[in-house]
Amino acid sequence: MVNWSVRVALMLTAVVMLSVVAYAQQPMRSLLLAYGNVSALGAEGGNVTGLVNELNEAITLYVAGHYANASALASGIIASAPGLAKAIELRHIELYSTYAAVGAIALIIVSLVYLKRRELIGGLWLRFRGGGMVTVGGGKPRGFITDEEVLAVATAIALILVVFVTAQALVSGEAASFSAIGLLGPSGKIGGYPSVVSVNQSINLYLLVYNHMNRPVWYVVYVYVTNTTASPPIGGEPALVYQRVLLSNETWITPLSLSLNETGRFRIVGELWMYSPVNLTLTYTGEYVQLWVNVTNYG
Amino acid sequence: MVDLRESIRRRIREGACVTVNQLVAEVAEEAGVPRSWVAYEVYLMWKRGELNVESEPVDNTVMFLFSIEGVWYWVTLALTLASVAAVTLISNGPLMPIRYALGALSVLFLPGYALIEALYPRGDEVSPLERLALSIGLSLAVVPLVGLLLNYTPWGIRLIPVVVSDAVLTISLLTVAAFRKAKYAQIPGHCFT
């Protein structure tokens with residue numbers, strides 16, 4: 001399971017290496033393939049911060065029309081992917097070997113201590129408490145470690161915690177993955193949103209995008225200005241487009257500035273789309289933000 | 001095989017105020033077993049409350065803390081400081097399980113345990129199971145109160161302020177407990193009067 005994605009990334013990379021020349025004329029395609037590799041490597045826990053930065057640079061170049069430079073950057077990312085995939089696989093092997101070794105050593109130590117408990121605890125206790133005076137006790141137990149009831153309850157709690165944490169670790173990747181988009185006010189915080197603006201007045205807001213997909217994801221935000229109440233996705237030509245690859249658990253806040261040149265009641269809608277890391281197609285996440293504004297002639 | 005516990009009980013009934021060393025040596029010789037085995041049985045009987053082991057009274061709290069009676073303080077202090085170190089220094093990698101374990105301990109057990117030790121310092125006022133249950137329950141009650149107080153401070157409810165205030169609370173309560181336990185340790189026992 002762990003190495004499956006790495007193998008897929010390697011296979012994908014091999015295919016890409018063969019076809020990179022054919023795709024050289026299509027920078028968008030090579031960018032997507034580079035993204036697919038980076039996302040797969042990130043999903044396996046690799047440190048892909050540098051690659052994501054390069055990918056964002058390539059996307060910026062592509063958007064600016066520098067296709068050749070964008071393609072060259074994407075090719076560089078694709079070329080470096082196999083090395084990183086191998087490093088991740090080695091790290092996983094090291095990690096599991098370490099866990100196994102530590103577990104085995106802990107088990108051996110616990111077993112030895114249990115088998116030799118009389119010699120160890122008895123010897124130590126005699127050494128430190130040998131001078132104490134022994135009298136008949138009051139019958140009230142003291143101390144956690146030697147009390148059978150406490151040990152039984154502690155074992156039960158530990159068992160429940162281990163089962164819960166293990167189950168959580170197994171399902172968290174699928175259950176907890178989500179993407180989020182938010183609209184922040186002019187001060188970069190929630191609140192203070194403009195509701196009435198004059199024609200051609202600049203509306204300054206901030207867009208917030210959060211990646212909790214447990215892997216790097218390429219997000220695209222389409223901003224529409226419409227006077228309809230249709231549910232997103234609205235379709236058609238967006239007023240503004242923002243795009244960026246976000247690392248897992250990364251938050252991206254970017255300024256959103258626009259002005260409206262006619263009066264009326266308008267809705268500013270931000271739709272969150274993402275390139276699926278699996279099939280590399282642009283997919284609507286189902287998440288959007290909106291703000292209604294009245295545009296008037298009065299300043 | 002000789003019943004070690006019965007031999008120990010019989011020896012205690014024979015004469016009062018025998019030292020652990022004497023008791024262990026006599027019973028070990030009688031039973032023909034190593035002294036450490038007998039010492040282990042005496043230790044278990046002491047923990048179960050069947051026996052009392054009186055130590056020479058200490059003069060002050062510092063002496064108490066550096067005696068064998070004060071080991072619990074240093075162990076709990078070390079666990080608290082290790083929790084702070086684990087939570088602040090470990091953010092990923094193979095050591096994460098240690099962070100989870102120590103973090104859970106420092107939030108769900110140690111504050112309540114320190115409070116119970118401060119409230120019941122003698123050791124036998126409540127049973128070990130009650131002590132465990134109260135430790136967990138009081139931790140769950142005390143930690144949100146720390147969060148409530150932090151909310152009104154300039155630092156807010158963030159990782160470092162929460163970890164530090166939790167550790168400060170635990171260490172403060174532990175120290176109060178140590179002072180109260182030391183007072184009991186200053187009272188001479190039956191055999192030392």
# chains A, B, ... in the order shown; residues from 1 in each chain; ligands from 1
$ residues_around --residues "B:Lys47" --least-positions-apart "3" --cutoff "12 Å" --atoms "only C-alpha atoms" --output "PyMOL selection string"
(chain A and resi 137-148) or (chain B and resi 40-44+50-53+123-124+127-128)
$ select_by_dssp --residues "stretch 63-218 of chain A" --states "helix (DSSP H, G or I)" --output "PyMOL selection string"
chain A and resi 63+67-115+117-129+148-175
$ select_by_dssp --residues "stretch 220-276 of chain A" --states "strand (DSSP E or B)" --output "PyMOL selection string"
chain A and resi 220-226+240-246+251-259+264-275
$ write_last_selection --atoms "C-alpha atoms" --output "CSV table (one decimal), in the first residue's frame"
chain,number,residue,atom,x,y,z
A,220,VAL,CA,-7.7,26.8,-9.7
A,221,VAL,CA,-10.1,29.5,-8.5
A,222,TYR,CA,-12.5,31.0,-11.0
A,223,VAL,CA,-14.0,34.3,-10.0
A,224,TYR,CA,-17.3,35.3,-11.7
A,225,VAL,CA,-19.3,38.4,-11.5
A,226,THR,CA,-23.0,37.7,-12.1
A,240,LEU,CA,-10.4,36.4,-12.9
A,241,VAL,CA,-8.4,33.1,-12.6
A,242,TYR,CA,-6.0,32.2,-9.8
A,243,GLN,CA,-4.1,29.0,-9.7
A,244,ARG,CA,-1.4,27.5,-7.5
A,245,VAL,CA,-0.1,24.1,-6.3
A,246,LEU,CA,-0.5,23.9,-2.5
A,251,THR,CA,-3.0,27.7,3.3
A,252,TRP,CA,-2.8,30.2,0.5
A,253,ILE,CA,-4.2,33.7,0.8
A,254,THR,CA,-4.1,36.0,-2.2
A,255,PRO,CA,-5.6,39.5,-2.8
A,256,LEU,CA,-8.7,39.7,-4.9
A,257,SER,CA,-9.3,43.2,-6.5
A,258,LEU,CA,-11.9,44.1,-9.0
A,259,SER,CA,-14.3,46.9,-9.8
A,264,GLY,CA,-27.1,46.9,-10.0
A,265,ARG,CA,-27.0,44.1,-7.6
A,266,PHE,CA,-24.1,41.7,-8.4
A,267,ARG,CA,-22.8,38.5,-7.0
A,268,ILE,CA,-19.0,37.9,-6.8
A,269,VAL,CA,-18.5,34.1,-6.9
A,270,GLY,CA,-15.2,32.3,-6.3
A,271,GLU,CA,-15.3,28.6,-7.4
A,272,LEU,CA,-12.7,26.2,-6.2
A,273,TRP,CA,-11.5,23.7,-8.9
A,274,MET,CA,-8.6,21.3,-8.7
A,275,TYR,CA,-6.6,19.1,-11.1
$ interface_residues --of "chain A" --to "chain B" --cutoff "12 Å" --atoms "only C-alpha atoms" --output "PyMOL selection string"
chain A and resi 45-47+91-100+102+116-154+157-158+161-162+165-166+169
$ atom_distance --atom1 "atom CA of B:Leu145" --atom2 "atom CA of B:Val176"
19.3 Å
$ atom_distance --atom1 "atom CA of A:Asn204" --atom2 "atom CA of A:His66"
28.9 Å
$ atom_distance --atom1 "atom CA of B:Val87" --atom2 "atom CA of B:Leu150"
18.3 Å
$ residues_around --residues "A:Tyr62" --least-positions-apart "5" --cutoff "8 Å" --atoms "only C-alpha atoms" --output "PyMOL selection string"
chain A and resi 27-28+67+69-70
$ closest_residue --among "A:Thr296, A:Ser195, A:Thr285, A:Thr60" --to "A:Ser177" --atoms "only C-alpha atoms"
A:Thr285
$ residues_around --residues "A:Ser198" --least-positions-apart "3" --cutoff "8 Å" --atoms "only C-alpha atoms" --output "list in words"
Gln201, Thr263, Val295, Thr296, Asn297, Tyr298 and Gly299 of chain A
